[in-house]
Structure formats: structure tokens, C-alpha cells
>>> print(open('model-v4.tsv').read())   # TSV, C-alpha atoms
chain	number	residue	atom	x	y	z
E	1	MET	CA	36.90	-233.21	184.07
E	2	ILE	CA	39.91	-231.89	185.96
E	3	LYS	CA	39.35	-231.15	189.64
E	4	ALA	CA	40.65	-227.70	190.56
E	5	LYS	CA	40.47	-228.28	194.32
E	6	ALA	CA	43.86	-229.26	195.71
E	7	HIS	CA	45.42	-229.28	192.23
E	8	PRO	CA	49.00	-227.99	192.64
E	9	PHE	CA	48.76	-225.68	189.61
E	10	PHE	CA	45.39	-224.27	190.71
E	11	ASP	CA	46.81	-223.60	194.17
E	12	HIS	CA	49.96	-222.04	192.74
E	13	LEU	CA	48.02	-219.71	190.44
E	14	ASN	CA	45.88	-218.62	193.40
E	15	GLN	CA	48.96	-217.74	195.42
E	16	PHE	CA	49.53	-214.83	193.02
E	17	ILE	CA	46.21	-214.09	191.29
E	18	THR	CA	42.56	-215.15	191.65
E	19	VAL	CA	41.45	-217.95	189.35
E	20	SER	CA	38.03	-219.61	189.72
E	21	GLU	CA	37.51	-223.35	189.40
E	22	LYS	CA	35.60	-222.76	186.16
E	23	GLU	CA	38.46	-220.69	184.71
E	24	PHE	CA	40.97	-223.31	185.79
E	25	GLU	CA	39.08	-225.96	183.85
E	26	ILE	CA	39.44	-223.91	180.68
E	27	ILE	CA	43.11	-223.13	181.37
E	28	HIS	CA	43.77	-226.80	182.04
E	29	SER	CA	42.24	-227.80	178.70
E	30	TYR	CA	45.24	-226.10	177.03
E	31	VAL	CA	47.89	-228.09	178.87
E	32	SER	CA	48.99	-231.70	178.77
E	33	ILE	CA	50.37	-233.96	181.46
E	34	LYS	CA	53.56	-235.95	181.04
E	35	ARG	CA	54.82	-238.71	183.27
E	36	LEU	CA	58.53	-239.29	183.23
E	37	GLU	CA	60.77	-242.06	184.38
E	38	LYS	CA	63.98	-241.22	186.19
E	39	LYS	CA	66.55	-239.90	183.67
E	40	GLN	CA	63.94	-239.52	180.90
E	41	LEU	CA	64.54	-236.48	178.66
E	42	LEU	CA	61.90	-233.83	178.07
E	43	MET	CA	63.94	-231.52	175.84
E	44	GLU	CA	67.16	-231.93	173.88
E	45	ALA	CA	69.87	-229.51	172.79
E	46	ASN	CA	69.77	-228.44	169.12
E	47	GLY	CA	66.06	-229.14	169.06
E	48	PRO	CA	63.07	-226.83	169.37
E	49	CYS	CA	61.96	-225.44	172.71
E	50	ASN	CA	58.20	-225.19	172.35
E	51	HIS	CA	57.15	-226.22	175.85
E	52	ALA	CA	57.38	-224.86	179.36
E	53	TYR	CA	56.98	-227.30	182.24
E	54	PHE	CA	55.40	-226.92	185.65
E	55	VAL	CA	56.47	-229.67	188.06
E	56	LEU	CA	53.49	-231.45	189.66
E	57	LYS	CA	55.62	-234.17	191.23
E	58	GLY	CA	59.30	-235.02	191.24
E	59	CYS	CA	62.37	-233.11	190.22
E	60	LEU	CA	63.89	-232.04	186.90
E	61	HIS	CA	67.09	-230.33	185.88
E	62	MET	CA	68.19	-228.34	182.86
E	63	TYR	CA	71.77	-228.84	181.69
E	64	PHE	CA	74.08	-228.45	178.73
E	65	ILE	CA	77.06	-230.45	177.59
E	66	THR	CA	80.32	-228.51	177.74
E	67	GLU	CA	82.88	-228.54	174.94
E	68	LYS	CA	84.84	-231.03	177.04
E	69	GLY	CA	81.81	-233.33	177.14
E	70	THR	CA	80.69	-232.87	180.76
E	71	GLU	CA	77.11	-232.16	181.80
E	72	ARG	CA	76.59	-228.83	183.58
E	73	THR	CA	73.31	-228.17	185.38
E	74	VAL	CA	72.04	-224.57	185.17
E	75	GLN	CA	68.63	-225.00	186.80
E	76	PHE	CA	66.65	-227.36	189.01
E	77	ALA	CA	62.90	-227.57	189.43
E	78	LEU	CA	61.02	-229.24	192.25
E	79	GLU	CA	57.23	-229.23	192.76
E	80	ASN	CA	55.56	-225.91	191.81
E	81	TRP	CA	58.53	-224.65	189.82
E	82	TRP	CA	58.55	-223.77	186.16
E	83	ILE	CA	61.38	-224.94	183.96
E	84	THR	CA	62.40	-224.45	180.35
E	85	ASP	CA	64.88	-222.43	178.28
E	86	PHE	CA	62.77	-219.29	178.55
E	87	LEU	CA	64.83	-217.32	176.04
E	88	ALA	CA	64.40	-219.94	173.31
E	89	TYR	CA	60.74	-220.43	174.35
E	90	GLN	CA	60.03	-216.70	174.04
E	91	LYS	CA	61.97	-216.16	170.81
E	92	HIS	CA	61.19	-219.47	169.09
E	93	LEU	CA	64.85	-220.38	168.87
E	94	LYS	CA	66.61	-223.73	169.01
E	95	THR	CA	67.77	-224.54	172.52
E	96	ASP	CA	71.27	-225.35	173.79
E	97	PHE	CA	69.90	-227.25	176.79
E	98	PHE	CA	68.56	-230.63	177.85
E	99	ILE	CA	65.79	-231.10	180.42
E	100	GLN	CA	65.81	-234.42	182.26
E	101	ALA	CA	63.91	-236.01	185.13
E	102	VAL	CA	66.09	-236.46	188.22
E	103	GLU	CA	63.39	-238.63	189.84
E	104	PRO	CA	60.22	-240.24	188.46
E	105	SER	CA	58.21	-237.09	187.78
E	106	GLU	CA	54.94	-235.67	186.54
E	107	VAL	CA	54.80	-232.33	184.75
E	108	LEU	CA	52.24	-230.07	183.23
E	109	SER	CA	53.38	-229.03	179.78
E	110	ILE	CA	52.30	-225.87	177.95
E	111	GLU	CA	53.11	-225.30	174.32
E	112	SER	CA	54.12	-221.70	173.59
E	113	GLU	CA	51.18	-221.07	171.24
E	114	SER	CA	48.75	-222.50	173.80
E	115	LEU	CA	50.25	-220.24	176.46
E	116	GLU	CA	49.70	-217.27	174.16
E	117	LYS	CA	46.05	-218.33	173.76
E	118	ILE	CA	45.60	-218.70	177.52
E	119	LEU	CA	47.14	-215.25	178.03
E	120	GLN	CA	44.80	-213.74	175.44
E	121	GLU	CA	41.78	-215.37	177.06
E	122	PHE	CA	42.85	-214.70	180.66
E	123	PRO	CA	45.10	-211.61	180.64
E	124	LYS	CA	45.34	-211.80	184.42
E	125	LEU	CA	47.74	-214.71	183.97
E	126	GLU	CA	50.26	-212.19	182.64
E	127	ARG	CA	50.59	-211.06	186.25
E	128	TYR	CA	51.22	-214.61	187.45
E	129	PHE	CA	54.01	-215.13	184.94
E	130	ARG	CA	55.37	-211.60	185.44
E	131	VAL	CA	55.92	-212.38	189.13
E	132	ILE	CA	57.36	-215.86	188.40
E	133	PHE	CA	59.87	-214.44	185.91
E	134	GLN	CA	60.69	-211.42	188.07
E	135	ILE	CA	61.64	-213.72	190.94
E	136	GLY	CA	63.49	-216.09	188.58
E	137	TYR	CA	65.45	-213.21	187.04
E	138	GLY	CA	66.25	-211.68	190.43
E	139	SER	CA	67.33	-215.03	191.83
E	140	SER	CA	69.64	-215.81	188.94
E	141	ILE	CA	71.44	-212.48	189.46
E	142	MET	CA	71.75	-213.42	193.13
E	143	LYS	CA	73.21	-216.78	192.11
E	144	MET	CA	75.84	-214.98	190.02
E	145	LYS	CA	76.79	-213.00	193.11
E	146	TYR	CA	77.29	-216.21	195.10
E	147	LEU	CA	79.33	-217.80	192.34
E	148	TYR	CA	81.56	-214.74	192.15
E	149	ASP	CA	81.85	-213.98	195.83
E	150	PHE	CA	81.84	-217.17	197.83
E	151	THR	CA	84.52	-219.76	198.25
E	152	LYS	CA	83.59	-223.25	197.06
E	153	GLU	CA	82.91	-224.34	200.62
E	154	GLU	CA	80.70	-221.30	201.28
E	155	ILE	CA	78.71	-221.91	198.07
E	156	HIS	CA	78.02	-225.47	199.13
E	157	PHE	CA	77.16	-224.49	202.69
E	158	HIS	CA	74.86	-221.68	201.56
E	159	PHE	CA	73.06	-223.96	199.12
E	160	THR	CA	72.44	-226.82	201.56
E	161	GLU	CA	71.40	-224.40	204.33
E	162	ASN	CA	68.94	-222.53	202.13
E	163	PHE	CA	67.64	-225.44	200.09
E	164	PRO	CA	67.79	-228.44	202.44
E	165	GLU	CA	65.16	-230.26	200.38
E	166	PHE	CA	67.48	-230.24	197.38
E	167	ALA	CA	70.44	-231.47	199.34
E	168	GLN	CA	68.37	-234.47	200.42
E	169	ARG	CA	66.66	-235.29	197.14
E	170	VAL	CA	69.18	-234.46	194.46
E	171	PRO	CA	72.23	-236.68	193.83
E	172	GLN	CA	75.53	-235.17	194.93
E	173	TYR	CA	77.03	-235.11	191.45
E	174	LEU	CA	74.17	-232.91	190.20
E	175	ILE	CA	74.49	-230.46	193.06
E	176	ALA	CA	78.21	-230.35	192.36
E	177	SER	CA	77.50	-229.67	188.67
E	178	PHE	CA	75.05	-226.88	189.55
E	179	LEU	CA	77.46	-225.22	191.96
E	180	GLY	CA	80.47	-225.53	189.68
E	181	LEU	CA	82.25	-227.98	192.01
E	182	THR	CA	83.64	-231.44	191.37
E	183	PRO	CA	81.73	-234.41	192.86
E	184	GLU	CA	84.93	-235.34	194.74
E	185	TYR	CA	84.99	-231.90	196.33
E	186	VAL	CA	81.36	-232.22	197.49
E	187	SER	CA	82.07	-235.66	199.02
E	188	GLU	CA	85.06	-234.20	200.81
E	189	ILE	CA	83.02	-231.30	202.26
E	190	ARG	CA	80.28	-233.67	203.36
E	191	ALA	CA	82.75	-236.00	205.05
E	192	LYS	CA	84.30	-233.00	206.80
E	193	LYS	CA	80.88	-231.88	208.07
E	194	ARG	CA	80.06	-235.34	209.41
E	195	SER	CA	83.37	-235.68	211.26
S	1	MET	CA	52.70	-182.14	179.97
S	2	ILE	CA	54.91	-185.01	178.85
S	3	LYS	CA	55.07	-185.63	175.09
S	4	ALA	CA	54.52	-189.30	174.27
S	5	LYS	CA	55.69	-188.99	170.65
S	6	ALA	CA	59.29	-190.11	170.33
S	7	HIS	CA	59.61	-190.65	174.08
S	8	PRO	CA	61.90	-193.70	174.55
S	9	PHE	CA	59.65	-195.28	177.22
S	10	PHE	CA	56.49	-194.73	175.14
S	11	ASP	CA	58.20	-196.34	172.15
S	12	HIS	CA	59.50	-199.22	174.24
S	13	LEU	CA	56.07	-199.95	175.74
S	14	ASN	CA	54.59	-199.97	172.24
S	15	GLN	CA	57.12	-202.51	171.06
S	16	PHE	CA	55.37	-205.09	173.28
S	17	ILE	CA	51.84	-203.77	173.99
S	18	THR	CA	49.60	-200.95	172.76
S	19	VAL	CA	49.58	-197.84	174.89
S	20	SER	CA	47.84	-194.65	173.74
S	21	GLU	CA	49.34	-191.19	174.20
S	22	LYS	CA	46.62	-190.39	176.74
S	23	GLU	CA	47.41	-193.55	178.75
S	24	PHE	CA	51.11	-192.78	178.58
S	25	GLU	CA	50.50	-189.37	180.15
S	26	ILE	CA	48.84	-191.06	183.14
S	27	ILE	CA	51.56	-193.73	183.40
S	28	HIS	CA	54.22	-191.04	183.21
S	29	SER	CA	52.63	-189.12	186.08
S	30	TYR	CA	53.67	-192.02	188.36
S	31	VAL	CA	57.37	-191.91	187.47
S	32	SER	CA	60.14	-189.47	188.16
S	33	ILE	CA	63.19	-188.52	186.14
S	34	LYS	CA	66.68	-188.54	187.56
S	35	ARG	CA	69.77	-187.03	185.98
S	36	LEU	CA	73.04	-188.56	187.07
S	37	GLU	CA	76.62	-187.51	186.79
S	38	LYS	CA	79.24	-190.06	185.86
S	39	LYS	CA	79.91	-192.35	188.85
S	40	GLN	CA	76.86	-191.05	190.78
S	41	LEU	CA	75.13	-193.76	192.83
S	42	LEU	CA	71.42	-194.55	192.48
S	43	MET	CA	71.24	-197.39	194.98
S	44	GLU	CA	73.49	-198.61	197.76
S	45	ALA	CA	74.08	-202.00	199.35
S	46	ASN	CA	72.45	-202.57	202.76
S	47	GLY	CA	69.82	-199.99	201.88
S	48	PRO	CA	66.28	-200.35	200.60
S	49	CYS	CA	65.54	-201.19	196.97
S	50	ASN	CA	62.30	-199.35	196.27
S	51	HIS	CA	62.94	-198.22	192.72
S	52	ALA	CA	63.35	-199.75	189.30
S	53	TYR	CA	65.12	-197.72	186.63
S	54	PHE	CA	64.56	-197.45	182.90
S	55	VAL	CA	67.55	-195.93	181.11
S	56	LEU	CA	66.55	-192.96	178.91
S	57	LYS	CA	70.12	-191.93	178.18
S	58	GLY	CA	73.53	-193.19	179.25
S	59	CYS	CA	74.69	-196.36	180.90
S	60	LEU	CA	74.45	-197.81	184.40
S	61	HIS	CA	75.83	-200.88	186.09
S	62	MET	CA	74.82	-202.89	189.14
S	63	TYR	CA	77.65	-204.30	191.26
S	64	PHE	CA	78.48	-205.64	194.69
S	65	ILE	CA	81.64	-205.47	196.74
S	66	THR	CA	83.25	-208.84	197.32
S	67	GLU	CA	84.57	-209.95	200.69
S	68	LYS	CA	88.03	-209.09	199.39
S	69	GLY	CA	86.86	-205.55	198.68
S	70	THR	CA	86.69	-205.62	194.89
S	71	GLU	CA	83.72	-204.38	192.85
S	72	ARG	CA	82.00	-207.04	190.73
S	73	THR	CA	79.50	-205.99	188.08
S	74	VAL	CA	76.51	-208.31	187.65
S	75	GLN	CA	74.45	-206.26	185.22
S	76	PHE	CA	74.72	-203.40	182.74
S	77	ALA	CA	71.94	-201.23	181.35
S	78	LEU	CA	72.08	-199.05	178.27
S	79	GLU	CA	69.18	-197.07	176.76
S	80	ASN	CA	65.81	-198.89	176.94
S	81	TRP	CA	66.98	-201.37	179.57
S	82	TRP	CA	65.53	-201.84	183.01
S	83	ILE	CA	67.83	-202.19	185.97
S	84	THR	CA	67.42	-202.86	189.67
S	85	ASP	CA	67.78	-205.72	192.16
S	86	PHE	CA	64.47	-207.27	191.09
S	87	LEU	CA	64.39	-209.83	193.89
S	88	ALA	CA	64.71	-207.17	196.60
S	89	TYR	CA	62.33	-204.89	194.67
S	90	GLN	CA	59.68	-207.62	194.47
S	91	LYS	CA	60.07	-208.86	198.03
S	92	HIS	CA	60.75	-205.51	199.75
S	93	LEU	CA	64.13	-206.70	201.02
S	94	LYS	CA	67.36	-204.83	201.62
S	95	THR	CA	69.66	-205.05	198.64
S	96	ASP	CA	73.25	-206.35	198.42
S	97	PHE	CA	73.98	-204.25	195.34
S	98	PHE	CA	74.99	-200.77	194.23
S	99	ILE	CA	73.71	-199.09	191.06
S	100	GLN	CA	76.00	-196.47	189.56
S	101	ALA	CA	76.12	-194.34	186.42
S	102	VAL	CA	78.94	-195.37	184.08
S	103	GLU	CA	78.36	-192.23	181.98
S	104	PRO	CA	76.31	-189.07	182.58
S	105	SER	CA	72.83	-190.60	182.43
S	106	GLU	CA	69.13	-189.94	182.63
S	107	VAL	CA	66.75	-192.53	184.04
S	108	LEU	CA	63.07	-192.94	184.62
S	109	SER	CA	62.50	-194.14	188.17
S	110	ILE	CA	59.45	-196.08	189.37
S	111	GLU	CA	58.84	-196.69	193.03
S	112	SER	CA	57.50	-200.20	193.72
S	113	GLU	CA	54.18	-198.98	195.12
S	114	SER	CA	53.70	-196.68	192.14
S	115	LEU	CA	54.40	-199.58	189.81
S	116	GLU	CA	51.75	-201.61	191.62
S	117	LYS	CA	49.28	-198.73	191.11
S	118	ILE	CA	50.14	-198.49	187.40
S	119	LEU	CA	49.65	-202.25	187.04
S	120	GLN	CA	46.27	-202.05	188.79
S	121	GLU	CA	45.16	-199.21	186.56
S	122	PHE	CA	46.62	-200.62	183.34
S	123	PRO	CA	46.77	-204.41	183.71
S	124	LYS	CA	48.08	-204.70	180.17
S	125	LEU	CA	51.44	-203.49	181.48
S	126	GLU	CA	51.76	-206.86	183.23
S	127	ARG	CA	52.39	-208.27	179.76
S	128	TYR	CA	55.11	-205.72	179.06
S	129	PHE	CA	56.94	-206.57	182.27
S	130	ARG	CA	56.29	-210.30	181.87
S	131	VAL	CA	58.14	-210.26	178.53
S	132	ILE	CA	60.95	-208.03	179.90
S	133	PHE	CA	61.53	-210.38	182.85
S	134	GLN	CA	61.16	-213.52	180.76
S	135	ILE	CA	63.91	-212.32	178.44
S	136	GLY	CA	66.03	-211.15	181.39
S	137	TYR	CA	65.64	-214.49	183.16
S	138	GLY	CA	66.37	-216.49	180.01
S	139	SER	CA	69.41	-214.35	179.22
S	140	SER	CA	70.90	-214.70	182.66
S	141	ILE	CA	70.71	-218.51	182.39
S	142	MET	CA	72.44	-218.18	179.04
S	143	LYS	CA	75.13	-216.04	180.67
S	144	MET	CA	75.73	-218.80	183.24
S	145	LYS	CA	76.26	-221.21	180.37
S	146	TYR	CA	78.90	-218.94	178.84
S	147	LEU	CA	80.65	-218.48	182.16
S	148	TYR	CA	80.75	-222.23	182.70
S	149	ASP	CA	81.55	-223.32	179.18
S	150	PHE	CA	83.78	-220.79	177.51
S	151	THR	CA	87.45	-220.09	178.03
S	152	LYS	CA	88.24	-216.57	179.20
S	153	GLU	CA	89.25	-215.57	175.70
S	154	GLU	CA	86.01	-216.98	174.23
S	155	ILE	CA	83.89	-215.16	176.82
S	156	HIS	CA	85.52	-211.87	175.92
S	157	PHE	CA	85.28	-212.52	172.18
S	158	HIS	CA	81.62	-213.56	172.43
S	159	PHE	CA	80.76	-210.48	174.47
S	160	THR	CA	82.45	-207.95	172.20
S	161	GLU	CA	81.06	-209.64	169.06
S	162	ASN	CA	77.50	-209.72	170.35
S	163	PHE	CA	77.46	-206.42	172.20
S	164	PRO	CA	79.82	-204.16	170.23
S	165	GLU	CA	78.13	-201.05	171.65
S	166	PHE	CA	79.17	-202.09	175.15
S	167	ALA	CA	82.72	-202.78	174.17
S	168	GLN	CA	82.97	-199.24	172.81
S	169	ARG	CA	81.14	-197.37	175.56
S	170	VAL	CA	82.01	-199.20	178.75
S	171	PRO	CA	85.47	-198.94	180.35
S	172	GLN	CA	87.60	-202.07	180.06
S	173	TYR	CA	87.85	-202.63	183.79
S	174	LEU	CA	84.03	-202.85	184.06
S	175	ILE	CA	83.73	-205.31	181.20
S	176	ALA	CA	86.46	-207.35	182.86
S	177	SER	CA	84.55	-207.25	186.15
S	178	PHE	CA	81.32	-208.35	184.43
S	179	LEU	CA	83.00	-211.23	182.63
S	180	GLY	CA	84.99	-212.39	185.64
S	181	LEU	CA	88.33	-211.47	184.07
S	182	THR	CA	91.15	-209.25	185.34
S	183	PRO	CA	91.61	-205.86	183.62
S	184	GLU	CA	95.17	-206.94	182.76
S	185	TYR	CA	93.81	-209.99	180.96
S	186	VAL	CA	91.40	-207.88	178.91
S	187	SER	CA	94.22	-205.48	177.90
S	188	GLU	CA	96.30	-208.45	176.87
S	189	ILE	CA	93.52	-209.90	174.67
S	190	ARG	CA	92.89	-206.52	173.07
S	191	ALA	CA	96.58	-206.03	172.33
S	192	LYS	CA	96.69	-209.51	170.79
S	193	LYS	CA	93.69	-208.71	168.58
S	194	ARG	CA	95.24	-205.47	167.36
S	195	SER	CA	98.55	-207.11	166.46
>>> encode(input="model-v4.tsv", output="C-alpha cells")
Amino acid sequence: MIKAKAHPFFDHLNQFITVSEKEFEIIHSYVSIKRLEKKQLLMEANGPCNHAYFVLKGCLHMYFITEKGTERTVQFALENWWITDFLAYQKHLKTDFFIQAVEPSEVLSIESESLEKILQEFPKLERYFRVIFQIGYGSSIMKMKYLYDFTKEEIHFHFTENFPEFAQRVPQYLIASFLGLTPEYVSEIRAKKRS
Amino acid sequence: MIKAKAHPFFDHLNQFITVSEKEFEIIHSYVSIKRLEKKQLLMEANGPCNHAYFVLKGCLHMYFITEKGTERTVQFALENWWITDFLAYQKHLKTDFFIQAVEPSEVLSIESESLEKILQEFPKLERYFRVIFQIGYGSSIMKMKYLYDFTKEEIHFHFTENFPEFAQRVPQYLIASFLGLTPEYVSEIRAKKRS
């Protein structure tokens, strides 16, 4: 039997709504746990996108491969973050993205039909996901503003100031990919900051 | 008394959940209607963001002013679309954005506290907004992919192919601003297509 107490997903749910330990046990019976090695893939482009992932431990990123063959990261997820291609997940489409573990990780995985069942059984979880998606949507519009408005140096500075945990945990080349910079440029900025 | 039948918001709600005419009357008592002239502002940067807008008629856009003083559009909304700075709206922060009517428009406006009351009274609306935000979030990640991956010409082609209504209704300089192109570049592409 899963222990609700101190479970990251139980705690996260209860940040936004009220879920009892008993209810959590039922909710948890719909999910599965996956352990991933560093660089292991969870989802692949041109395949189905039937699962959403909640990070229990570690760090993942979602990326696509450009026409020129380079990887471009569009999203990161650390502990307590949800990650998937939510458009494909919602509309049962093929995805254009890969999801990969940046570190050894552990995720909770919910299949889209299971999520629908959970939402039918516990409609209050609609509120939880409404808030999660509202913040995700709002933040991605904010990110567009930064990408449009800031110089490359400002983007990097803003990111490392606001998300210091990322800057420490995530390899430079992935941060560069996420911010639309070259790895060489990020090294240069870092060297400049140190000097 | 508001007539639910054939009301765009009533119809839109019922695309995702089931709302009776009686319930709609109560929901509608929490909202207000605003009529806007072309170019009229609904929200201004550095001010509060207490309202979300559902477009009944017309077209709006959300933009910010770059450090260089140019307007950059981050979002459009035609009929049946929601628009606001959802991060500021959720977190009761000041906004960095302006919302302006592109055409003479009519919107339904919900204050954030009123929305909270509606959601308390009709929790099933959480589902409606969950789906709206999930699609919005997913789409904005998709937009990032296009911005990263496509050439300028491809971005413009993709946009006008997939959203022909926009291309017809929205002035060229706003589409250019949304796609990160110069108005001159858009004119050039259009001229090329015609020839």
C-alpha cells in the first residue's frame, strides 16, 4: 500500500486542493512509477503521447530535433513538475517531441485514459490541473516575451538568477538549447562572470 | 434576462461540459460585457490584471513594448477565445502586457474574484478551464517549436495556411509582430506569393 504521508505527489495535490490519504490511495492505483537512467527516453517523436509525467526525483527535458539535426529543448521539469506534450496528450495526436532524463530520475506516469477516470471519480482534481495548466500557459507566454525582448546575455542572466537550481543541475549545453543560445556563447558568458 | 440559446459563451461552455440554461443565467450574472472601439485598450502594462476576457465579437491582441520601444504581439484572440495575462491573473501580479482591440469588438469580462465564486458554485467549470488552459499551454509550446525550427518564410506560410481567418482579418504589421518578422518582410513574401 502506498504511503500518502510525505509522498511528493500527495503533498503537491494538497498545495492546491484537499485530498485525503484514502483518496490518494485510490488515485495512486491509477498511476505507475518509472525509474530512468540518465539519458533514457520516455517519449519519442512520431510516436504516441499517451502519458503525462510528474517528476518525483531527478530532472527531465522535452526537446525536438530541428531540420538541421540539432536538439532543441522546449521544456524542463524538476521535482514536482509535470511534463508531456500536452496538446498531443489532450487531442490524442502523434507527438513531435522527445522526453529524456537529464539525471537518473523517478517519475509518476499517468495514461490519458486513466487520468480521465481519475477526473471522473474525483472531479476536484480538475481544479488542481486547471491551476497547473494556467500557470504553465501564463509562464510560456512570459518566456516568449523574454525571448523577444532580452539580449542573449540578459536571457541567460535572467534564467540563472530566477532558476539557480537549474543552472547548477542542468548541463550547460541544455540550458543553451533551451534559451536559444550556442553552448560556446554560454561558456563565454560564464567565463566573463567569473572574471 | 440573458438568453442562453445561441449565446456564444453558452455554446462554448457546452462544447466541453454540460451547463443548463438556468445555470448559465447565474454564471452570466457574474460577468460584464464591454464594447470596444478599434484600438481601444482593455489592459495596460504596469497596471493590475484582474480580468480575463472571452471574445464575443471581434479580435484582440496582447502585446508588450520592447526596450527599443516597438510593440510585440504575444497572443491574438478571435471569437470564442480567452485572453489575458494568465500568470498575473492567477497570482494577482502587475502585468507587463497591454490588451487592445484590433477591430471593433465585444468581450465578456470576468474579474478574478468573480471567477473564483463561479468556480466554487459550479465546480464543473474547473473542467472547462482546465481543457482551455491545457490546449493553450500545449499550443504555446508548439509555437516555440515553430519559432525555433522554421525559417521566416516557413513560419509565415504555416501561420497563414493554418489560420487563414487571421491572415484575412488581422493587419499585416500585427501578424509580422506576432511571428517575429518585420512588416517589410511580410509584404515581400506576400508579393512573391502573388507573382
>>> closest_residue(input="model-v4.tsv", among="E:Glu106, E:Asp96, E:Glu153, E:Glu184", to="chain S", atoms="only C-alpha atoms")
E:Asp96
>>> interface_residues(input="model-v4.tsv", of="chain S", to="chain E", cutoff="9 Å", atoms="all atoms listed in the file", output="MDAnalysis selection string")
chainID S and resid 63:68 72 74:75 84:91 96 119 123:142 144:145 148:150 180
>>> residues_around(input="model-v4.tsv", residues="range 45-62 of chain E", least_positions_apart="5", cutoff="7 Å", atoms="only C-alpha atoms", output="VMD selection string")
chain E and resid 8 73 to 85 88 to 89 93 to 112
>>> atom_distance(input="model-v4.tsv", atom1="CA of His156 in chain S", atom2="CA of Ile189 in chain S")
8.3 Å
>>> atom_distance(input="model-v4.tsv", atom1="CA of Leu179 in chain S", atom2="CA of Lys152 in chain S")
8.2 Å
>>> atom_distance(input="model-v4.tsv", atom1="CA of Glu71 in chain S", atom2="CA of Asn162 in chain S")
23.9 Å
